[in-house]
$ cat data_24.cif   # mmCIF, C-alpha atoms
data_coords
loop_
_atom_site.group_PDB
_atom_site.id
_atom_site.type_symbol
_atom_site.label_atom_id
_atom_site.label_comp_id
_atom_site.auth_asym_id
_atom_site.auth_seq_id
_atom_site.Cartn_x
_atom_site.Cartn_y
_atom_site.Cartn_z
ATOM 1 C CA MET A 1 106.481 84.639 94.305
ATOM 2 C CA LEU A 2 105.315 87.950 92.812
ATOM 3 C CA ASN A 3 101.657 88.424 92.004
ATOM 4 C CA ILE A 4 101.276 90.518 88.857
ATOM 5 C CA LEU A 5 97.823 91.666 87.788
ATOM 6 C CA PHE A 6 97.162 92.270 84.099
ATOM 7 C CA SER A 7 94.440 94.914 83.775
ATOM 8 C CA ALA A 8 93.571 95.571 80.132
ATOM 9 C CA LYS A 9 90.923 94.469 77.674
ATOM 10 C CA PRO A 10 90.656 90.694 77.028
ATOM 11 C CA ALA A 11 92.174 90.929 73.548
ATOM 12 C CA ALA A 12 95.328 92.445 75.035
ATOM 13 C CA TRP A 13 95.678 89.510 77.436
ATOM 14 C CA GLU A 14 95.740 87.148 74.475
ATOM 15 C CA GLU A 15 98.573 89.188 72.950
ATOM 16 C CA TYR A 16 100.594 89.801 76.097
ATOM 17 C CA GLU A 17 100.311 86.658 78.239
ATOM 18 C CA ALA A 18 103.001 84.647 76.443
ATOM 19 C CA PRO A 19 105.508 87.523 75.881
ATOM 20 C CA LEU A 20 105.207 88.674 79.509
ATOM 21 C CA ASN A 21 105.663 85.187 80.926
ATOM 22 C CA ALA A 22 108.642 84.643 78.621
ATOM 23 C CA ALA A 23 110.209 87.928 79.749
ATOM 24 C CA LEU A 24 109.607 87.082 83.415
ATOM 25 C CA THR A 25 111.259 83.690 82.979
ATOM 26 C CA GLU A 26 114.190 85.212 81.116
ATOM 27 C CA ALA A 27 114.641 87.736 83.936
ATOM 28 C CA GLY A 28 114.659 84.963 86.508
ATOM 29 C CA LEU A 29 111.564 86.235 88.309
ATOM 30 C CA SER A 30 109.174 83.828 89.988
ATOM 31 C CA ALA A 31 105.813 85.396 89.234
ATOM 32 C CA ASN A 32 102.152 84.557 88.931
ATOM 33 C CA LEU A 33 100.758 86.650 86.089
ATOM 34 C CA SER A 34 96.970 86.712 86.111
ATOM 35 C CA ARG A 35 93.863 88.747 85.373
ATOM 36 C CA ALA A 36 92.191 87.717 88.619
ATOM 37 C CA HIS A 37 94.403 88.299 91.658
ATOM 38 C CA ALA A 38 92.779 89.486 94.870
ATOM 39 C CA PRO A 39 93.647 93.196 95.186
ATOM 40 C CA GLN A 40 95.409 92.835 98.544
ATOM 41 C CA ASP A 41 97.810 90.254 97.065
ATOM 42 C CA VAL A 42 98.976 92.235 94.017
ATOM 43 C CA ASP A 43 102.633 93.318 93.840
ATOM 44 C CA TYR A 44 102.491 95.018 90.429
ATOM 45 C CA ILE A 45 99.705 96.045 88.056
ATOM 46 C CA ILE A 46 100.239 96.035 84.296
ATOM 47 C CA PHE A 47 97.691 98.607 83.263
ATOM 48 C CA ALA A 48 95.771 99.956 80.282
ATOM 49 C CA PRO A 49 92.983 102.537 80.717
ATOM 50 C CA ASN A 50 90.509 100.216 78.958
ATOM 51 C CA GLY A 51 90.999 97.518 81.606
ATOM 52 C CA PRO A 52 88.852 96.751 84.660
ATOM 53 C CA VAL A 53 90.909 98.490 87.364
ATOM 54 C CA THR A 54 89.815 102.065 88.018
ATOM 55 C CA ASP A 55 89.976 102.185 91.832
ATOM 56 C CA PHE A 56 93.481 101.549 93.156
ATOM 57 C CA ARG A 57 92.684 101.862 96.868
ATOM 58 C CA PRO A 58 92.312 98.102 97.510
ATOM 59 C CA TYR A 59 95.792 97.443 96.090
ATOM 60 C CA THR A 60 97.573 98.170 99.340
ATOM 61 C CA LYS A 61 100.571 95.940 98.608
ATOM 62 C CA THR A 62 101.142 97.153 95.050
ATOM 63 C CA LYS A 63 104.614 98.604 94.467
ATOM 64 C CA ALA A 64 103.985 100.191 91.066
ATOM 65 C CA VAL A 65 101.557 100.458 88.155
ATOM 66 C CA MET A 66 103.203 99.723 84.811
ATOM 67 C CA GLY A 67 101.449 101.368 81.883
ATOM 68 C CA LEU A 68 100.964 99.566 78.594
ATOM 69 C CA TRP A 69 100.579 102.908 76.800
ATOM 70 C CA ALA A 70 102.881 105.872 76.315
ATOM 71 C CA GLY A 71 100.078 108.292 77.206
ATOM 72 C CA VAL A 72 98.898 108.631 80.791
ATOM 73 C CA GLU A 73 96.369 111.469 80.587
ATOM 74 C CA THR A 74 93.436 109.179 81.404
ATOM 75 C CA ILE A 75 94.961 107.952 84.672
ATOM 76 C CA VAL A 76 97.363 110.610 85.943
ATOM 77 C CA ASN A 77 94.595 112.513 87.761
ATOM 78 C CA ASN A 78 92.989 109.426 89.300
ATOM 79 C CA GLU A 79 92.858 110.364 92.977
ATOM 80 C CA THR A 80 92.775 106.718 94.097
ATOM 81 C CA LEU A 81 96.166 106.065 92.520
ATOM 82 C CA THR A 82 98.867 106.592 95.130
ATOM 83 C CA GLN A 83 101.293 103.975 93.820
ATOM 84 C CA PRO A 84 104.170 104.934 91.489
ATOM 85 C CA LEU A 85 103.015 105.094 87.861
ATOM 86 C CA CYS A 86 105.353 104.271 84.978
ATOM 87 C CA ARG A 87 104.535 105.040 81.370
ATOM 88 C CA LEU A 88 105.726 102.859 78.490
ATOM 89 C CA VAL A 89 108.795 103.895 76.530
ATOM 90 C CA ASP A 90 109.553 101.151 74.034
ATOM 91 C CA GLU A 91 112.045 101.069 71.178
ATOM 92 C CA SER A 92 109.517 99.501 68.787
ATOM 93 C CA LEU A 93 106.933 102.124 69.680
ATOM 94 C CA THR A 94 109.519 104.810 68.945
ATOM 95 C CA ALA A 95 110.522 103.145 65.665
ATOM 96 C CA GLY A 96 106.901 102.901 64.556
ATOM 97 C CA MET A 97 106.306 106.569 65.306
ATOM 98 C CA VAL A 98 109.442 107.630 63.428
ATOM 99 C CA GLU A 99 108.355 105.650 60.367
ATOM 100 C CA TRP A 100 104.789 107.016 60.399
ATOM 101 C CA VAL A 101 105.843 110.639 60.940
ATOM 102 C CA THR A 102 108.616 110.482 58.357
ATOM 103 C CA GLY A 103 106.306 108.883 55.806
ATOM 104 C CA HIS A 104 103.608 111.521 56.143
ATOM 105 C CA ALA A 105 106.087 114.391 56.317
ATOM 106 C CA LEU A 106 107.682 113.200 53.061
ATOM 107 C CA ARG A 107 104.247 112.699 51.510
ATOM 108 C CA HIS A 108 103.410 116.360 52.077
ATOM 109 C CA HIS A 109 106.909 117.643 51.319
ATOM 110 C CA LEU A 110 107.036 115.821 47.974
ATOM 111 C CA GLY A 111 103.437 116.648 47.039
ATOM 112 C CA MET A 112 102.785 112.985 46.403
ATOM 113 C CA ASP A 113 99.002 113.357 46.460
ATOM 114 C CA THR A 114 99.150 115.483 43.325
ATOM 115 C CA HIS A 115 100.363 112.536 41.298
ATOM 116 C CA ILE A 116 98.839 109.632 43.218
ATOM 117 C CA LEU A 117 95.377 111.195 43.001
ATOM 118 C CA GLY A 118 95.950 112.937 39.683
ATOM 119 C CA GLN A 119 95.969 109.980 37.295
ATOM 120 C CA ASP A 120 93.811 111.853 34.804
ATOM 121 C CA GLY A 121 96.031 112.272 31.760
ATOM 122 C CA VAL A 122 97.385 115.700 32.766
ATOM 123 C CA TRP A 123 101.205 115.963 32.661
ATOM 124 C CA ARG A 124 101.969 118.059 35.770
ATOM 125 C CA ASP A 125 105.706 118.637 35.266
ATOM 126 C CA ASP A 126 105.638 121.916 37.214
ATOM 127 C CA SER A 127 104.694 120.293 40.535
ATOM 128 C CA PHE A 128 108.120 119.544 41.944
ATOM 129 C CA PRO A 129 109.063 120.218 45.587
ATOM 130 C CA PRO A 130 111.930 122.225 47.055
ATOM 131 C CA VAL A 131 114.806 120.272 48.552
ATOM 132 C CA ALA A 132 114.348 119.322 52.187
ATOM 133 C CA ALA A 133 116.750 122.037 53.362
ATOM 134 C CA LYS A 134 114.230 124.632 52.197
ATOM 135 C CA ARG A 135 111.295 123.125 54.108
ATOM 136 C CA PRO A 136 111.334 124.122 57.822
ATOM 137 C CA VAL A 137 109.795 121.570 60.145
ATOM 138 C CA THR A 138 108.696 122.177 63.729
ATOM 139 C CA ILE A 139 107.992 119.430 66.243
ATOM 140 C CA LEU A 140 105.971 120.398 69.295
ATOM 141 C CA GLY A 141 107.108 117.982 71.987
ATOM 142 C CA ILE A 142 110.660 116.627 72.021
ATOM 143 C CA GLY A 143 110.454 113.786 74.495
ATOM 144 C CA ALA A 144 111.573 110.324 73.426
ATOM 145 C CA LEU A 145 109.202 110.167 70.440
ATOM 146 C CA GLY A 146 109.518 113.767 69.297
ATOM 147 C CA ALA A 147 113.301 113.777 69.557
ATOM 148 C CA ALA A 148 113.596 110.569 67.538
ATOM 149 C CA CYS A 149 111.246 111.875 64.825
ATOM 150 C CA GLY A 150 113.071 115.196 64.685
ATOM 151 C CA GLN A 151 116.462 113.550 64.337
ATOM 152 C CA ALA A 152 115.180 111.280 61.562
ATOM 153 C CA LEU A 153 113.859 114.268 59.600
ATOM 154 C CA ALA A 154 117.038 116.252 60.259
ATOM 155 C CA ALA A 155 119.045 113.345 58.869
ATOM 156 C CA LEU A 156 117.077 113.740 55.626
ATOM 157 C CA GLY A 157 118.106 117.389 55.431
ATOM 158 C CA PHE A 158 115.096 119.168 56.899
ATOM 159 C CA PRO A 159 115.850 122.096 59.221
ATOM 160 C CA VAL A 160 114.043 120.917 62.347
ATOM 161 C CA THR A 161 113.035 123.021 65.321
ATOM 162 C CA GLY A 162 111.867 121.263 68.460
ATOM 163 C CA TRP A 163 109.774 122.945 71.125
ATOM 164 C CA SER A 164 109.133 121.942 74.715
ATOM 165 C CA ARG A 165 107.697 123.649 77.773
ATOM 166 C CA ASN A 166 111.057 123.474 79.555
ATOM 167 C CA PRO A 167 114.609 123.772 78.152
ATOM 168 C CA LYS A 168 115.947 120.697 76.360
ATOM 169 C CA ASN A 169 118.941 119.909 74.207
ATOM 170 C CA VAL A 170 118.493 117.400 71.385
ATOM 171 C CA THR A 171 121.397 116.750 69.028
ATOM 172 C CA GLY A 172 120.666 117.907 65.485
ATOM 173 C CA LEU A 173 117.661 120.052 66.402
ATOM 174 C CA ARG A 174 117.239 123.730 67.161
ATOM 175 C CA CYS A 175 115.534 123.588 70.542
ATOM 176 C CA LEU A 176 113.218 126.285 71.880
ATOM 177 C CA HIS A 177 111.001 126.449 74.938
ATOM 178 C CA GLY A 178 108.410 128.558 76.714
ATOM 179 C CA ASP A 179 105.785 130.906 75.287
ATOM 180 C CA ASP A 180 108.228 133.036 73.308
ATOM 181 C CA GLY A 181 109.912 129.927 71.999
ATOM 182 C CA LEU A 182 106.564 128.544 70.839
ATOM 183 C CA ARG A 183 105.871 131.610 68.733
ATOM 184 C CA GLU A 184 109.365 131.474 67.246
ATOM 185 C CA ALA A 185 109.113 127.743 66.566
ATOM 186 C CA LEU A 186 105.819 128.100 64.711
ATOM 187 C CA THR A 187 106.612 131.277 62.776
ATOM 188 C CA ASP A 188 106.978 130.364 59.076
ATOM 189 C CA ALA A 189 107.045 126.609 59.823
ATOM 190 C CA GLU A 190 105.881 124.665 56.770
ATOM 191 C CA ILE A 191 105.315 121.324 58.518
ATOM 192 C CA VAL A 192 104.217 121.153 62.157
ATOM 193 C CA ILE A 193 104.164 117.811 63.954
ATOM 194 C CA LEU A 194 102.488 117.457 67.352
ATOM 195 C CA LEU A 195 103.955 114.975 69.833
ATOM 196 C CA LEU A 196 103.160 116.643 73.134
ATOM 197 C CA PRO A 197 101.511 114.955 76.104
ATOM 198 C CA GLN A 198 97.956 116.000 76.869
ATOM 199 C CA THR A 199 97.892 118.392 79.811
ATOM 200 C CA PRO A 200 95.867 121.518 80.641
ATOM 201 C CA GLU A 201 98.804 123.590 79.339
ATOM 202 C CA THR A 202 98.959 121.791 75.975
ATOM 203 C CA THR A 203 95.222 121.574 75.252
ATOM 204 C CA ASN A 204 94.400 123.587 72.100
ATOM 205 C CA ILE A 205 98.055 124.604 71.743
ATOM 206 C CA LEU A 206 97.403 124.694 68.007
ATOM 207 C CA ASN A 207 94.634 127.259 67.705
ATOM 208 C CA ALA A 208 93.635 130.180 65.483
ATOM 209 C CA GLU A 209 96.469 132.355 66.800
ATOM 210 C CA THR A 210 99.221 129.764 66.555
ATOM 211 C CA LEU A 211 98.051 128.350 63.213
ATOM 212 C CA ALA A 212 98.299 131.878 61.790
ATOM 213 C CA LEU A 213 102.016 131.917 62.629
ATOM 214 C CA MET A 214 102.765 129.069 60.231
ATOM 215 C CA ALA A 215 103.761 129.614 56.624
ATOM 216 C CA GLN A 216 100.717 129.911 54.428
ATOM 217 C CA GLY A 217 99.932 126.564 52.825
ATOM 218 C CA GLY A 218 101.707 124.621 55.558
ATOM 219 C CA PHE A 219 100.932 121.124 56.775
ATOM 220 C CA VAL A 220 99.830 119.838 60.178
ATOM 221 C CA ILE A 221 100.563 116.278 61.307
ATOM 222 C CA ASN A 222 99.130 115.100 64.627
ATOM 223 C CA PRO A 223 100.012 111.647 65.970
ATOM 224 C CA GLY A 224 100.134 112.965 69.558
ATOM 225 C CA ARG A 225 96.790 113.679 71.236
ATOM 226 C CA GLY A 226 93.515 114.938 69.783
ATOM 227 C CA PRO A 227 92.935 117.805 72.251
ATOM 228 C CA LEU A 228 96.226 119.436 71.262
ATOM 229 C CA ILE A 229 94.305 120.986 68.352
ATOM 230 C CA ASP A 230 91.375 123.394 68.406
ATOM 231 C CA ASP A 231 89.318 121.528 65.805
ATOM 232 C CA ALA A 232 87.175 124.487 64.742
ATOM 233 C CA ALA A 233 90.266 126.638 64.274
ATOM 234 C CA LEU A 234 91.997 123.986 62.172
ATOM 235 C CA LEU A 235 88.966 123.524 59.926
ATOM 236 C CA ALA A 236 88.748 127.290 59.457
ATOM 237 C CA ALA A 237 92.467 127.486 58.620
ATOM 238 C CA LEU A 238 92.051 124.688 56.065
ATOM 239 C CA ASP A 239 89.080 126.416 54.444
ATOM 240 C CA ALA A 240 90.976 129.725 54.314
ATOM 241 C CA GLY A 241 94.069 128.159 52.710
ATOM 242 C CA GLN A 242 96.341 128.971 55.662
ATOM 243 C CA ILE A 243 96.823 125.227 56.098
ATOM 244 C CA ALA A 244 97.042 123.104 52.964
ATOM 245 C CA HIS A 245 96.445 119.728 54.561
ATOM 246 C CA ALA A 246 96.170 118.062 57.960
ATOM 247 C CA THR A 247 97.001 114.431 58.649
ATOM 248 C CA LEU A 248 95.368 113.435 61.917
ATOM 249 C CA ASP A 249 95.787 110.153 63.775
ATOM 250 C CA VAL A 250 94.239 111.139 67.114
ATOM 251 C CA PHE A 251 90.980 112.808 68.077
ATOM 252 C CA ARG A 252 88.966 114.011 71.046
ATOM 253 C CA THR A 253 86.487 111.188 70.463
ATOM 254 C CA GLU A 254 87.715 107.815 69.243
ATOM 255 C CA PRO A 255 86.646 106.103 67.106
ATOM 256 C CA LEU A 256 86.016 109.314 65.198
ATOM 257 C CA PRO A 257 82.218 109.567 64.656
ATOM 258 C CA ALA A 258 81.118 108.994 61.074
ATOM 259 C CA GLU A 259 79.442 112.414 60.972
ATOM 260 C CA ASP A 260 82.586 114.304 62.042
ATOM 261 C CA ALA A 261 83.611 117.070 59.642
ATOM 262 C CA TYR A 262 87.145 115.708 59.375
ATOM 263 C CA TRP A 263 86.007 112.632 57.462
ATOM 264 C CA ALA A 264 84.491 114.606 54.603
ATOM 265 C CA HIS A 265 87.021 117.416 54.393
ATOM 266 C CA PRO A 266 89.083 117.103 51.172
ATOM 267 C CA GLN A 267 92.205 118.489 52.848
ATOM 268 C CA VAL A 268 92.201 116.157 55.841
ATOM 269 C CA THR A 269 93.607 112.651 56.097
ATOM 270 C CA VAL A 270 92.189 110.590 58.970
ATOM 271 C CA THR A 271 94.110 107.570 60.228
ATOM 272 C CA PRO A 272 92.653 105.432 63.068
ATOM 273 C CA HIS A 273 95.186 105.970 65.892
ATOM 274 C CA ILE A 274 97.757 103.716 64.260
ATOM 275 C CA ALA A 275 100.795 106.012 64.102
ATOM 276 C CA SER A 276 102.578 103.849 66.630
ATOM 277 C CA THR A 277 101.274 100.733 68.291
ATOM 278 C CA THR A 278 102.755 98.925 71.263
ATOM 279 C CA ARG A 279 104.400 95.640 70.246
ATOM 280 C CA PRO A 280 103.891 92.978 72.924
ATOM 281 C CA GLU A 281 107.308 91.311 72.588
ATOM 282 C CA THR A 282 109.356 94.446 73.159
ATOM 283 C CA ALA A 283 106.902 96.101 75.561
ATOM 284 C CA ALA A 284 106.952 92.997 77.766
ATOM 285 C CA ARG A 285 110.715 93.250 78.168
ATOM 286 C CA VAL A 286 110.497 96.946 79.082
ATOM 287 C CA ILE A 287 107.837 96.268 81.716
ATOM 288 C CA VAL A 288 109.645 93.275 83.201
ATOM 289 C CA ASP A 289 112.926 95.202 83.334
ATOM 290 C CA ASN A 290 111.137 97.832 85.414
ATOM 291 C CA ILE A 291 109.771 95.153 87.751
ATOM 292 C CA VAL A 292 113.312 93.806 88.142
ATOM 293 C CA ARG A 293 114.432 97.315 89.083
ATOM 294 C CA GLY A 294 111.651 97.587 91.641
ATOM 295 C CA GLU A 295 112.576 94.258 93.221
ATOM 296 C CA ALA A 296 116.217 95.350 93.412
ATOM 297 C CA GLY A 297 115.299 98.599 95.149
ATOM 298 C CA GLN A 298 116.386 100.685 92.159
ATOM 299 C CA PRO A 299 114.477 103.722 90.836
ATOM 300 C CA PHE A 300 111.836 102.894 88.252
ATOM 301 C CA HIS A 301 112.379 103.960 84.663
ATOM 302 C CA TYR A 302 109.809 106.277 83.003
ATOM 303 C CA LEU A 303 108.229 107.358 86.289
ATOM 304 C CA VAL A 304 105.360 109.798 85.736
ATOM 305 C CA ASP A 305 105.548 113.209 87.377
ATOM 306 C CA ARG A 306 101.973 113.748 88.569
ATOM 307 C CA ALA A 307 102.398 117.493 88.900
ATOM 308 C CA ARG A 308 103.516 117.825 85.273
ATOM 309 C CA GLY A 309 101.011 115.272 84.021
ATOM 310 C CA TYR A 310 103.483 113.036 82.151
#

$ encode --input "data_24.cif" --output "structure tokens"
Amino acid sequence: MLNILFSAKPAAWEEYEAPLNAALTEAGLSANLSRAHAPQDVDYIIFAPNGPVTDFRPYTKTKAVMGLWAGVETIVNNETLTQPLCRLVDESLTAGMVEWVTGHALRHHLGMDTHILGQDGVWRDDSFPPVAAKRPVTILGIGALGAACGQALAALGFPVTGWSRNPKNVTGLRCLHGDDGLREALTDAEIVILLLPQTPETTNILNAETLALMAQGGFVINPGRGPLIDDAALLAALDAGQIAHATLDVFRTEPLPAEDAYWAHPQVTVTPHIASTTRPETAARVIVDNIVRGEAGQPFHYLVDRARGY
């Protein structure tokens, strides 16, 4: 029998216990899923950074750590972690991100705030948008989430450029990479969406210099990671009119402190890290499928490259 340790906050256990046990049964695995296994007996750890496990050295038998989150920046540099680490790639997580990104991109493209917030008796019949084909969109980060969002926007007619550190090919997107590619991707972009992992190379990738490359009056949408943006530079660009509006779902400090300048800024929309949330039913099947692969001696899906940081 496999011993599987669930290491996350108590509320997550209430959400995940039944779906995980159902997925284990469906997969034909005999497993004891618990929050209280002795470390030396654990075969797999299902892990969230807000759970109790921070020192992985006692888990000498553990074959892999299965992340409950797509992001791994809070664990990837943990020197006690020598076991394979797998991040979560889940179809419902991807679908949720596509819906959130598309909704906010269309909100800015269509200028919906003008009319939703402008119910003041003024007939603003001159505030119509261009067609999507005239609104260039750039997505920084074209992994599973970024590629899916880019393809959804391209299907609506937006010319979408995707950028990554290394060369990639995503159907329907113009793909660029490297430092020169970043400058080209951002130059005259009217909507920029950030879906990069958080690494030393991506921290503050949107800064005073790169924000200045965008089309004046452009929009920034960040459902990726808070440190991807130089906050002071973004606020300055908003005040100067270089950026018309920023919709931000992630921040350096979460929850975002009540005194933070973003809350009060009229050209910033704050959402509370809800762009895409893991759904227990589908995430459980992804995690259990990876455990099945491990037990069969097959390579794990979504294995994190420690050197790259994701």

$ closest_residue --input "data_24.cif" --among "A:His108, A:Ala236, A:Asn3, A:Ile193" --to "Leu33 (chain A)" --atoms "only C-alpha atoms"
A:Asn3

$ closest_atom_pairs --input "data_24.cif" --of "region 97-185 of chain A" --to "region 257-281 of chain A" --cutoff "9 Å" --atoms "all atoms listed in the file" --output "CSV"
residue,atom,partner,partner_atom,distance
A:Met97,CA,A:Ser276,CA,4.8
A:Val98,CA,A:Ser276,CA,8.5
A:Glu99,CA,A:Ala275,CA,8.4
A:Trp100,CA,A:Ala275,CA,5.5
A:Val101,CA,A:Ala275,CA,7.5

$ closest_residue --input "data_24.cif" --among "A:Gly67, A:Lys61, A:Asp41, A:Gln242" --to "Ala284 (chain A)" --atoms "only C-alpha atoms"
A:Gly67

$ atom_distance --input "data_24.cif" --atom1 "CA of Ala237 (chain A)" --atom2 "CA of Ala212 (chain A)"
8.0 Å

$ closest_atom_pairs --input "data_24.cif" --of "region 51-166 of chain A" --to "region 196-208 of chain A" --cutoff "8 Å" --atoms "all atoms listed in the file" --output "JSON lines"
{"residue": "A:Gly71", "atom": "CA", "partner": "A:Pro197", "partner_atom": "CA", "distance": 6.9}
{"residue": "A:Glu73", "atom": "CA", "partner": "A:Gln198", "partner_atom": "CA", "distance": 6.1}
{"residue": "A:Leu140", "atom": "CA", "partner": "A:Leu196", "partner_atom": "CA", "distance": 6.1}
{"residue": "A:Gly141", "atom": "CA", "partner": "A:Leu196", "partner_atom": "CA", "distance": 4.3}
{"residue": "A:Ile142", "atom": "CA", "partner": "A:Leu196", "partner_atom": "CA", "distance": 7.6}
{"residue": "A:Gly143", "atom": "CA", "partner": "A:Leu196", "partner_atom": "CA", "distance": 8.0}
{"residue": "A:Gly146", "atom": "CA", "partner": "A:Leu196", "partner_atom": "CA", "distance": 8.0}

$ atom_distance --input "data_24.cif" --atom1 "CA of Arg293 (chain A)" --atom2 "CA of Asn169 (chain A)"
27.4 Å

$ residues_around --input "data_24.cif" --residues "region 179-186 of chain A" --least-positions-apart "6" --cutoff "8 Å" --atoms "all atoms listed in the file" --output "list in words"
Thr138, Thr161, Gly162, Trp163, Arg165, Val192, Thr210, Leu211, Leu213 and Met214 of chain A

$ atom_distance --input "data_24.cif" --atom1 "CA of Ala246 (chain A)" --atom2 "CA of Thr114 (chain A)"
15.2 Å

$ resolve_selection --input "data_24.cif" --expression "the PyMOL selection byres ((chain A and resi 135) around 7)" --output "ChimeraX atom specification"
/A:132-134,136-137,158-159,190

$ closest_residue --input "data_24.cif" --among "A:Val122, A:Ala105, A:Thr187, A:Ile139" --to "Phe219 (chain A)" --atoms "all atoms listed in the file"
A:Ala105

$ closest_residue --input "data_24.cif" --among "A:Leu153, A:Gly111, A:Ala307, A:His301" --to "Arg124 (chain A)" --atoms "all atoms listed in the file"
A:Gly111
